[in-house]
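Comments concern the structure below.
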Amino acid sequence: MSDYLQVTTVADSQEVAVRLARSAVAARLAASAQVLGPATSIYWHLGELGTGQEWQVVLKTTAARFPALRDHLLSEHPWENPELTAVEIVGATDAYFGWLKRTVEPAD
């Protein structure tokens with residue numbers, strides 16, 4: 001498994017998405033975040049097919065920091081069971097990986 005992850009979640013407004021991204025980066029749980037949207041989403045919710053607009057939050061972190069980032073996003077998210085996924089970053093420059101790792105290391 002890679003030591004570096006791209007984590008995504010979604011929100012129903014740009015304001016909420018930016019708040020989630022900013023709080024995670026400010027806490028050094030993610031080195032950076034991008035907010036993208038609005039995107040049209042088609043999904044199942046409570047047994048019904050739905051369509052709506054969402055904003056995607058994309059965060060970069062390490063595998064070591066992922067549990068804390070996941071818990072943070074779940075506690076700060078206004079939804080009871082938000083979409084929250086992580087995929088490995090399998091390639092990048094050594095300099096980028098070094099920056100990412102240094103950026104999310106907890107302060108002593």
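How things are named: the first chain in the structure tokens is A, the next is B, and so on; residues count from 1 in each chain; ligands count from 1 in the order shown.
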
Each range 24-65 of chain A residue no farther than 10 Å from range 85-93 of chain A, nearest pair in Å, only C-alpha atoms, as a tab-separated table:
```
residue	atom	partner	partner_atom	distance
A:Val58	CA	A:Ala86	CA	9.6
A:Leu59	CA	A:Ala86	CA	9.2
A:Lys60	CA	A:Ile89	CA	8.8
A:Thr61	CA	A:Ile89	CA	9.6
A:Thr62	CA	A:Glu88	CA	9.3
A:Ala63	CA	A:Glu88	CA	8.7
```

Give the helix (DSSP H, G or I) residues of range 9-96 of chain A, as DSSP finds them on the backbone, and put them as a VMD selection string.
chain A and resid 14 to 26 66 to 76 94 to 96

Just-selected residues, C-alpha atoms written as a PDB file, in the first residue's frame:
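Saved to result-v5.pdb:
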```pdb
ATOM      1  CA  GLN A  14     -19.665  25.329  -1.509  1.00  0.00           C
ATOM      2  CA  GLU A  15     -19.667  26.908   1.949  1.00  0.00           C
ATOM      3  CA  VAL A  16     -19.783  23.528   3.710  1.00  0.00           C
ATOM      4  CA  ALA A  17     -17.172  22.042   1.357  1.00  0.00           C
ATOM      5  CA  VAL A  18     -14.764  24.927   1.975  1.00  0.00           C
ATOM      6  CA  ARG A  19     -15.315  24.683   5.738  1.00  0.00           C
ATOM      7  CA  LEU A  20     -14.516  20.949   5.707  1.00  0.00           C
ATOM      8  CA  ALA A  21     -11.418  21.495   3.547  1.00  0.00           C
ATOM      9  CA  ARG A  22     -10.131  24.439   5.563  1.00  0.00           C
ATOM     10  CA  SER A  23     -10.586  22.741   8.935  1.00  0.00           C
ATOM     11  CA  ALA A  24      -8.769  19.592   7.788  1.00  0.00           C
ATOM     12  CA  VAL A  25      -5.820  21.509   6.324  1.00  0.00           C
ATOM     13  CA  ALA A  26      -5.647  23.876   9.309  1.00  0.00           C
ATOM     14  CA  PHE A  66      -5.899   9.079   7.394  1.00  0.00           C
ATOM     15  CA  PRO A  67      -7.677   7.724  10.508  1.00  0.00           C
ATOM     16  CA  ALA A  68      -7.531  11.152  12.170  1.00  0.00           C
ATOM     17  CA  LEU A  69      -8.609  12.893   8.937  1.00  0.00           C
ATOM     18  CA  ARG A  70     -11.503  10.448   8.494  1.00  0.00           C
ATOM     19  CA  ASP A  71     -12.664  10.971  12.079  1.00  0.00           C
ATOM     20  CA  HIS A  72     -12.357  14.744  11.714  1.00  0.00           C
ATOM     21  CA  LEU A  73     -14.387  14.852   8.506  1.00  0.00           C
ATOM     22  CA  LEU A  74     -17.063  12.591   9.975  1.00  0.00           C
ATOM     23  CA  SER A  75     -17.356  14.748  13.102  1.00  0.00           C
ATOM     24  CA  GLU A  76     -17.441  18.047  11.170  1.00  0.00           C
ATOM     25  CA  ASP A  94       9.923  12.550  -4.396  1.00  0.00           C
ATOM     26  CA  ALA A  95       9.818  16.271  -3.636  1.00  0.00           C
ATOM     27  CA  TYR A  96       5.996  16.298  -3.602  1.00  0.00           C
TER      28      TYR A  96
END
```

Set the distance at 9 Å and use only C-alpha atoms: which residues neighbour Lys101 in chain A once local chain neighbours fewer than 2 positions away are removed? I'd like the list as a short mmCIF file (atom, residue, chain, number, x, y, z; two decimals) with N, CA and C atoms, in the first residue's frame.
```cif
data_model
loop_
_atom_site.label_atom_id
_atom_site.label_comp_id
_atom_site.auth_asym_id
_atom_site.auth_seq_id
_atom_site.Cartn_x
_atom_site.Cartn_y
_atom_site.Cartn_z
N ASP A 3 1.98 5.05 0.94
CA ASP A 3 1.89 5.84 2.17
C ASP A 3 1.11 7.14 1.97
N TYR A 4 0.63 7.38 0.75
CA TYR A 4 -0.01 8.65 0.41
C TYR A 4 -1.39 8.40 -0.17
N ALA A 31 -2.49 17.92 3.65
CA ALA A 31 -1.51 18.91 3.22
C ALA A 31 -2.15 19.96 2.32
N THR A 61 -3.25 13.38 1.89
CA THR A 61 -2.74 13.07 3.23
C THR A 61 -1.87 11.82 3.17
N THR A 62 -1.40 11.41 4.32
CA THR A 62 -0.63 10.17 4.42
C THR A 62 -1.52 9.08 5.01
N TYR A 96 7.40 16.13 -4.00
CA TYR A 96 6.00 16.30 -3.60
C TYR A 96 5.67 15.40 -2.42
N PHE A 97 6.05 14.12 -2.50
CA PHE A 97 5.79 13.22 -1.39
C PHE A 97 6.47 13.70 -0.11
N GLY A 98 7.68 14.23 -0.21
CA GLY A 98 8.37 14.76 0.96
C GLY A 98 7.63 15.93 1.57
N TRP A 99 7.15 16.85 0.70
CA TRP A 99 6.38 18.01 1.18
C TRP A 99 5.10 17.55 1.85
N THR A 103 4.26 18.19 5.79
CA THR A 103 3.15 19.11 6.05
C THR A 103 2.13 18.54 7.03
N VAL A 104 1.90 17.24 6.99
CA VAL A 104 0.89 16.66 7.86
C VAL A 104 1.45 16.05 9.15
N GLU A 105 2.75 16.12 9.33
CA GLU A 105 3.32 15.59 10.57
C GLU A 105 2.82 16.41 11.75
#
```

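When only C-alpha atoms are used to measure the gap to Ala30 in chain A, the shortest distance among A:Leu84, A:Ile42, A:Leu5, A:Ala107 belongs to A:Leu5.
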
Can you pull out every residue within 6 Å of Pro38 in chain A, counting only C-alpha atoms, but drop anything in the same chain fewer than 4 positions away, and send it as a ChimeraX atom specification?
/A:53-55

Produce a file of the selected residues containing C-alpha atoms, as a PDB file, in the first residue's frame.
```
ATOM      1  CA  GLN A  53     -25.846  19.123  -6.988  1.00  0.00           C
ATOM      2  CA  GLU A  54     -22.866  18.526  -4.753  1.00  0.00           C
ATOM      3  CA  TRP A  55     -19.427  19.994  -4.160  1.00  0.00           C
TER       4      TRP A  55
END
```

Atom pair CA of Glu80 in chain A / CA of Arg28 in chain A: separation (Å)
23.8 Å

Secondary structure check, strand (DSSP E or B) residues of chain A, as a ChimeraX atom specification:
/A:4-11,32-45,48-62,84-88

Any idea what the distance is between CA of Ala39 in chain A and CA of Ser2 in chain A?
28.6 Å

Could you tell me how far CA of Thr9 in chain A lies from CA of Arg102 in chain A, in Å and to one decimal?
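Calculated distance between CA of Thr9 in chain A and CA of Arg102 in chain A is 23.3 Å.
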
Taking only C-alpha atoms into account, which of A:Gln34, A:Thr40, A:Gln6, A:Ser13 comes nearest Val57 in chain A?
A:Gln34
